[in-house]
$ cat data_15.pdb   # PDB, C-alpha atoms
MODEL        1
ATOM      1  CA  MET A   1       8.564  -8.222  14.750  1.00  0.00           C
ATOM      2  CA  VAL A   2       8.008 -11.467  12.826  1.00  0.00           C
ATOM      3  CA  PRO A   3      11.068 -13.747  12.605  1.00  0.00           C
ATOM      4  CA  VAL A   4      11.546 -15.648   9.345  1.00  0.00           C
ATOM      5  CA  ALA A   5      13.533 -18.893   9.408  1.00  0.00           C
ATOM      6  CA  ALA A   6      15.987 -19.601   6.593  1.00  0.00           C
ATOM      7  CA  ASP A   7      13.763 -22.389   5.242  1.00  0.00           C
ATOM      8  CA  THR A   8      10.517 -20.355   5.393  1.00  0.00           C
ATOM      9  CA  SER A   9       9.194 -17.636   3.118  1.00  0.00           C
ATOM     10  CA  ALA A  10       8.343 -14.219   4.496  1.00  0.00           C
ATOM     11  CA  LEU A  11       4.785 -14.842   3.290  1.00  0.00           C
ATOM     12  CA  ALA A  12       4.492 -18.051   5.347  1.00  0.00           C
ATOM     13  CA  ALA A  13       5.959 -16.367   8.448  1.00  0.00           C
ATOM     14  CA  LEU A  14       3.618 -13.386   8.130  1.00  0.00           C
ATOM     15  CA  ARG A  15       0.595 -15.647   7.716  1.00  0.00           C
ATOM     16  CA  ALA A  16       1.653 -17.709  10.749  1.00  0.00           C
ATOM     17  CA  ALA A  17       1.779 -14.434  12.715  1.00  0.00           C
ATOM     18  CA  GLY A  18      -1.805 -13.664  11.701  1.00  0.00           C
ATOM     19  CA  VAL A  19      -1.113 -11.181   8.898  1.00  0.00           C
ATOM     20  CA  LEU A  20      -3.538 -11.739   6.030  1.00  0.00           C
ATOM     21  CA  LEU A  21      -1.864 -11.321   2.633  1.00  0.00           C
ATOM     22  CA  MET A  22      -3.280 -12.336  -0.702  1.00  0.00           C
ATOM     23  CA  ALA A  23      -1.133 -14.689  -2.773  1.00  0.00           C
ATOM     24  CA  SER A  24      -1.664 -16.726  -5.894  1.00  0.00           C
ATOM     25  CA  CYS A  25       1.337 -18.540  -7.363  1.00  0.00           C
ATOM     26  CA  GLU A  26       3.654 -18.394  -4.310  1.00  0.00           C
ATOM     27  CA  ASN A  27       6.574 -18.721  -6.747  1.00  0.00           C
ATOM     28  CA  GLY A  28       7.421 -15.051  -7.312  1.00  0.00           C
ATOM     29  CA  VAL A  29       5.942 -14.714 -10.787  1.00  0.00           C
ATOM     30  CA  CYS A  30       2.422 -13.280 -10.350  1.00  0.00           C
ATOM     31  CA  GLY A  31       2.949 -10.284  -8.040  1.00  0.00           C
ATOM     32  CA  THR A  32      -0.269 -10.838  -6.060  1.00  0.00           C
ATOM     33  CA  CYS A  33       1.505 -10.696  -2.676  1.00  0.00           C
ATOM     34  CA  GLU A  34       3.556  -7.550  -3.482  1.00  0.00           C
ATOM     35  CA  CYS A  35       4.231  -5.331  -0.450  1.00  0.00           C
ATOM     36  CA  GLY A  36       6.273  -2.280   0.435  1.00  0.00           C
ATOM     37  CA  ILE A  37       9.662  -2.019   2.140  1.00  0.00           C
ATOM     38  CA  LEU A  38      10.211   0.903   4.503  1.00  0.00           C
ATOM     39  CA  GLU A  39      13.796  -0.019   5.414  1.00  0.00           C
ATOM     40  CA  GLY A  40      16.262  -2.920   5.248  1.00  0.00           C
ATOM     41  CA  GLN A  41      18.213  -4.943   2.671  1.00  0.00           C
ATOM     42  CA  PRO A  42      16.028  -7.385   0.711  1.00  0.00           C
ATOM     43  CA  ILE A  43      17.363 -10.164  -1.493  1.00  0.00           C
ATOM     44  CA  HIS A  44      14.953 -10.300  -4.417  1.00  0.00           C
ATOM     45  CA  ARG A  45      14.187 -13.674  -5.995  1.00  0.00           C
ATOM     46  CA  ASP A  46      11.070 -12.711  -7.932  1.00  0.00           C
ATOM     47  CA  ALA A  47      10.467 -12.380 -11.661  1.00  0.00           C
ATOM     48  CA  VAL A  48       7.946  -9.542 -11.354  1.00  0.00           C
ATOM     49  CA  LEU A  49       9.439  -6.313 -10.003  1.00  0.00           C
ATOM     50  CA  SER A  50      11.309  -3.797 -12.125  1.00  0.00           C
ATOM     51  CA  LYS A  51      14.737  -2.575 -11.039  1.00  0.00           C
ATOM     52  CA  ASP A  52      13.155   0.658  -9.784  1.00  0.00           C
ATOM     53  CA  ALA A  53      10.366  -1.133  -7.897  1.00  0.00           C
ATOM     54  CA  ARG A  54      12.928  -3.312  -6.109  1.00  0.00           C
ATOM     55  CA  THR A  55      14.102  -0.233  -4.195  1.00  0.00           C
ATOM     56  CA  HIS A  56      10.803   0.003  -2.290  1.00  0.00           C
ATOM     57  CA  ARG A  57       8.675  -3.111  -3.048  1.00  0.00           C
ATOM     58  CA  PHE A  58       9.082  -6.850  -2.514  1.00  0.00           C
ATOM     59  CA  ILE A  59       7.416 -10.197  -3.188  1.00  0.00           C
ATOM     60  CA  PRO A  60       7.202 -11.993   0.192  1.00  0.00           C
ATOM     61  CA  CYS A  61       6.569 -15.478  -1.180  1.00  0.00           C
ATOM     62  CA  VAL A  62      10.184 -15.653  -2.406  1.00  0.00           C
ATOM     63  CA  LEU A  63      11.961 -12.754  -0.684  1.00  0.00           C
ATOM     64  CA  ARG A  64      14.930 -13.157   1.603  1.00  0.00           C
ATOM     65  CA  ALA A  65      16.792 -10.446   3.508  1.00  0.00           C
ATOM     66  CA  THR A  66      20.116  -9.676   5.097  1.00  0.00           C
ATOM     67  CA  GLY A  67      18.973  -8.609   8.536  1.00  0.00           C
ATOM     68  CA  VAL A  68      15.747  -6.925   9.543  1.00  0.00           C
ATOM     69  CA  LEU A  69      13.203  -5.476   7.101  1.00  0.00           C
ATOM     70  CA  ARG A  70      10.569  -2.948   8.131  1.00  0.00           C
ATOM     71  CA  LEU A  71       7.541  -3.503   5.920  1.00  0.00           C
ATOM     72  CA  ASP A  72       4.621  -1.466   4.659  1.00  0.00           C
ATOM     73  CA  LEU A  73       1.752  -3.932   4.765  1.00  0.00           C
TER      74      LEU A  73
ENDMDL
END
$ encode --input "data_15.pdb" --output "C-alpha cells"
Amino acid sequence: MVPVAADTSALAALRAAGVLLMASCENGVCGTCECGILEGQPIHRDAVLSKDARTHRFIPCVLRATGVLRLDL
C-alpha cells in the first residue's frame, strides 16, 4: 500500500515508493500516466478520460480518492 498525502499527487507518491510511471505534462491533460483502477472511489480531475473510461482508468498526476484505491499498474 502506498499512502498519498492530501497535498501530494498519486503519481508523486507512487514514484517516491519506487514505482516507475511515465508522465509528461503532470497537469492531467496529456494522458501519458494513465493507469487502471481495480477497485475504489476515484475523484477525477483530468481533462483526458471519457465518462466510460473514468469507471476503470485514472490519471495519477491529478487524481484524488475517497479512501483506498487498488490499482492496475
$ closest_residue --input "data_15.pdb" --among "A:Val4, A:Leu11, A:Leu71, A:Val62" --to "Gly28 of chain A" --atoms "all atoms listed in the file"
A:Val62
$ residues_around --input "data_15.pdb" --residues "Gly36 of chain A" --least-positions-apart "2" --cutoff "8 Å" --atoms "only C-alpha atoms" --output "list in words"
Glu34, Leu38, His56, Arg57, Phe58, Leu71, Asp72 and Leu73 of chain A
$ write_last_selection --input "data_15.pdb" --atoms "C-alpha atoms" --output "PDB file, keeping the file's coordinate frame"
ATOM      1  CA  GLU A  34       3.556  -7.550  -3.482  1.00  0.00           C
ATOM      2  CA  LEU A  38      10.211   0.903   4.503  1.00  0.00           C
ATOM      3  CA  HIS A  56      10.803   0.003  -2.290  1.00  0.00           C
ATOM      4  CA  ARG A  57       8.675  -3.111  -3.048  1.00  0.00           C
ATOM      5  CA  PHE A  58       9.082  -6.850  -2.514  1.00  0.00           C
ATOM      6  CA  LEU A  71       7.541  -3.503   5.920  1.00  0.00           C
ATOM      7  CA  ASP A  72       4.621  -1.466   4.659  1.00  0.00           C
ATOM      8  CA  LEU A  73       1.752  -3.932   4.765  1.00  0.00           C
TER       9      LEU A  73
END
$ residues_around --input "data_15.pdb" --residues "segment 15-26 of chain A" --least-positions-apart "3" --cutoff "9 Å" --atoms "all atoms listed in the file" --output "ChimeraX atom specification"
/A:2,10-12,29-34,60-62,73
$ closest_residue --input "data_15.pdb" --among "A:Leu14, A:Ala6, A:Met1, A:Ile37" --to "Ala53 of chain A" --atoms "only C-alpha atoms"
A:Ile37
$ atom_distance --input "data_15.pdb" --atom1 "atom CA of Thr66 of chain A" --atom2 "atom CA of Arg45 of chain A"
13.2 Å
$ closest_residue --input "data_15.pdb" --among "A:Asp52, A:Cys35, A:Asp46, A:Ala5" --to "Gly67 of chain A" --atoms "all atoms listed in the file"
A:Ala5
$ atom_distance --input "data_15.pdb" --atom1 "atom CA of Ala65 of chain A" --atom2 "atom CA of His44 of chain A"
8.1 Å
$ atom_distance --input "data_15.pdb" --atom1 "atom CA of Gln41 of chain A" --atom2 "atom CA of Arg64 of chain A"
8.9 Å
$ closest_residue --input "data_15.pdb" --among "A:Arg54, A:Gly40, A:Ala47, A:Leu63" --to "Ser9 of chain A" --atoms "all atoms listed in the file"
A:Leu63
$ decode --input "data_15.pdb" --residues "chain A" --atoms "C-alpha atoms" --output "CSV table (one decimal), in the first residue's frame"
chain,number,residue,atom,x,y,z
A,1,MET,CA,0.0,0.0,0.0
A,2,VAL,CA,1.3,3.5,-0.9
A,3,PRO,CA,-0.2,6.3,1.2
A,4,VAL,CA,-0.9,9.6,-0.6
A,5,ALA,CA,-1.0,12.8,1.4
A,6,ALA,CA,-3.7,15.4,0.7
A,7,ASP,CA,-1.1,17.8,-0.8
A,8,THR,CA,0.6,15.1,-3.0
A,9,SER,CA,-0.4,13.6,-6.3
A,10,ALA,CA,-0.8,9.9,-6.6
A,11,LEU,CA,1.9,10.0,-9.3
A,12,ALA,CA,4.4,11.6,-6.9
A,13,ALA,CA,3.6,9.1,-4.1
A,14,LEU,CA,4.0,6.2,-6.4
A,15,ARG,CA,7.3,7.4,-7.7
A,16,ALA,CA,8.5,8.0,-4.1
A,17,ALA,CA,7.6,4.4,-3.4
A,18,GLY,CA,9.8,3.2,-6.4
A,19,VAL,CA,7.0,2.7,-8.9
A,20,LEU,CA,8.2,3.9,-12.4
A,21,LEU,CA,5.4,5.6,-14.3
A,22,MET,CA,5.8,7.7,-17.4
A,23,ALA,CA,4.4,11.2,-17.3
A,24,SER,CA,4.6,14.2,-19.5
A,25,CYS,CA,2.5,17.3,-18.5
A,26,GLU,CA,1.7,16.3,-14.9
A,27,ASN,CA,-1.4,18.5,-15.2
A,28,GLY,CA,-4.0,15.9,-16.3
A,29,VAL,CA,-4.2,16.9,-19.9
A,30,CYS,CA,-1.9,14.6,-21.9
A,31,GLY,CA,-2.9,11.1,-20.6
A,32,THR,CA,0.7,9.8,-20.5
A,33,CYS,CA,0.5,8.5,-16.9
A,34,GLU,CA,-3.0,6.8,-17.4
A,35,CYS,CA,-3.4,3.7,-15.3
A,36,GLY,CA,-6.2,1.2,-14.3
A,37,ILE,CA,-8.4,1.1,-11.3
A,38,LEU,CA,-9.3,-2.3,-9.9
A,39,GLU,CA,-11.5,-1.0,-7.0
A,40,GLY,CA,-12.2,2.1,-5.0
A,41,GLN,CA,-13.7,5.6,-5.5
A,42,PRO,CA,-11.5,8.0,-7.5
A,43,ILE,CA,-12.1,11.7,-7.8
A,44,HIS,CA,-11.2,12.6,-11.3
A,45,ARG,CA,-9.6,16.0,-12.0
A,46,ASP,CA,-8.2,15.2,-15.5
A,47,ALA,CA,-9.3,16.6,-18.9
A,48,VAL,CA,-8.5,13.4,-20.8
A,49,LEU,CA,-10.7,10.4,-19.9
A,50,SER,CA,-14.1,9.8,-21.3
A,51,LYS,CA,-17.1,9.2,-19.0
A,52,ASP,CA,-16.8,5.5,-19.7
A,53,ALA,CA,-13.1,5.3,-19.2
A,54,ARG,CA,-13.4,7.0,-15.8
A,55,THR,CA,-15.1,3.8,-14.5
A,56,HIS,CA,-11.9,1.8,-14.8
A,57,ARG,CA,-9.0,4.2,-15.6
A,58,PHE,CA,-7.4,7.2,-13.9
A,59,ILE,CA,-4.7,9.9,-14.4
A,60,PRO,CA,-2.5,9.7,-11.3
A,61,CYS,CA,-0.9,13.1,-11.7
A,62,VAL,CA,-4.1,14.8,-10.7
A,63,LEU,CA,-6.3,12.1,-9.2
A,64,ARG,CA,-7.6,12.1,-5.7
A,65,ALA,CA,-9.7,9.4,-4.0
A,66,THR,CA,-12.2,8.9,-1.2
A,67,GLY,CA,-10.5,6.1,0.7
A,68,VAL,CA,-8.3,3.3,-0.7
A,69,LEU,CA,-7.8,2.6,-4.4
A,70,ARG,CA,-6.5,-0.7,-5.7
A,71,LEU,CA,-4.6,0.0,-8.9
A,72,ASP,CA,-3.7,-1.9,-12.1
A,73,LEU,CA,-0.2,-0.6,-12.8
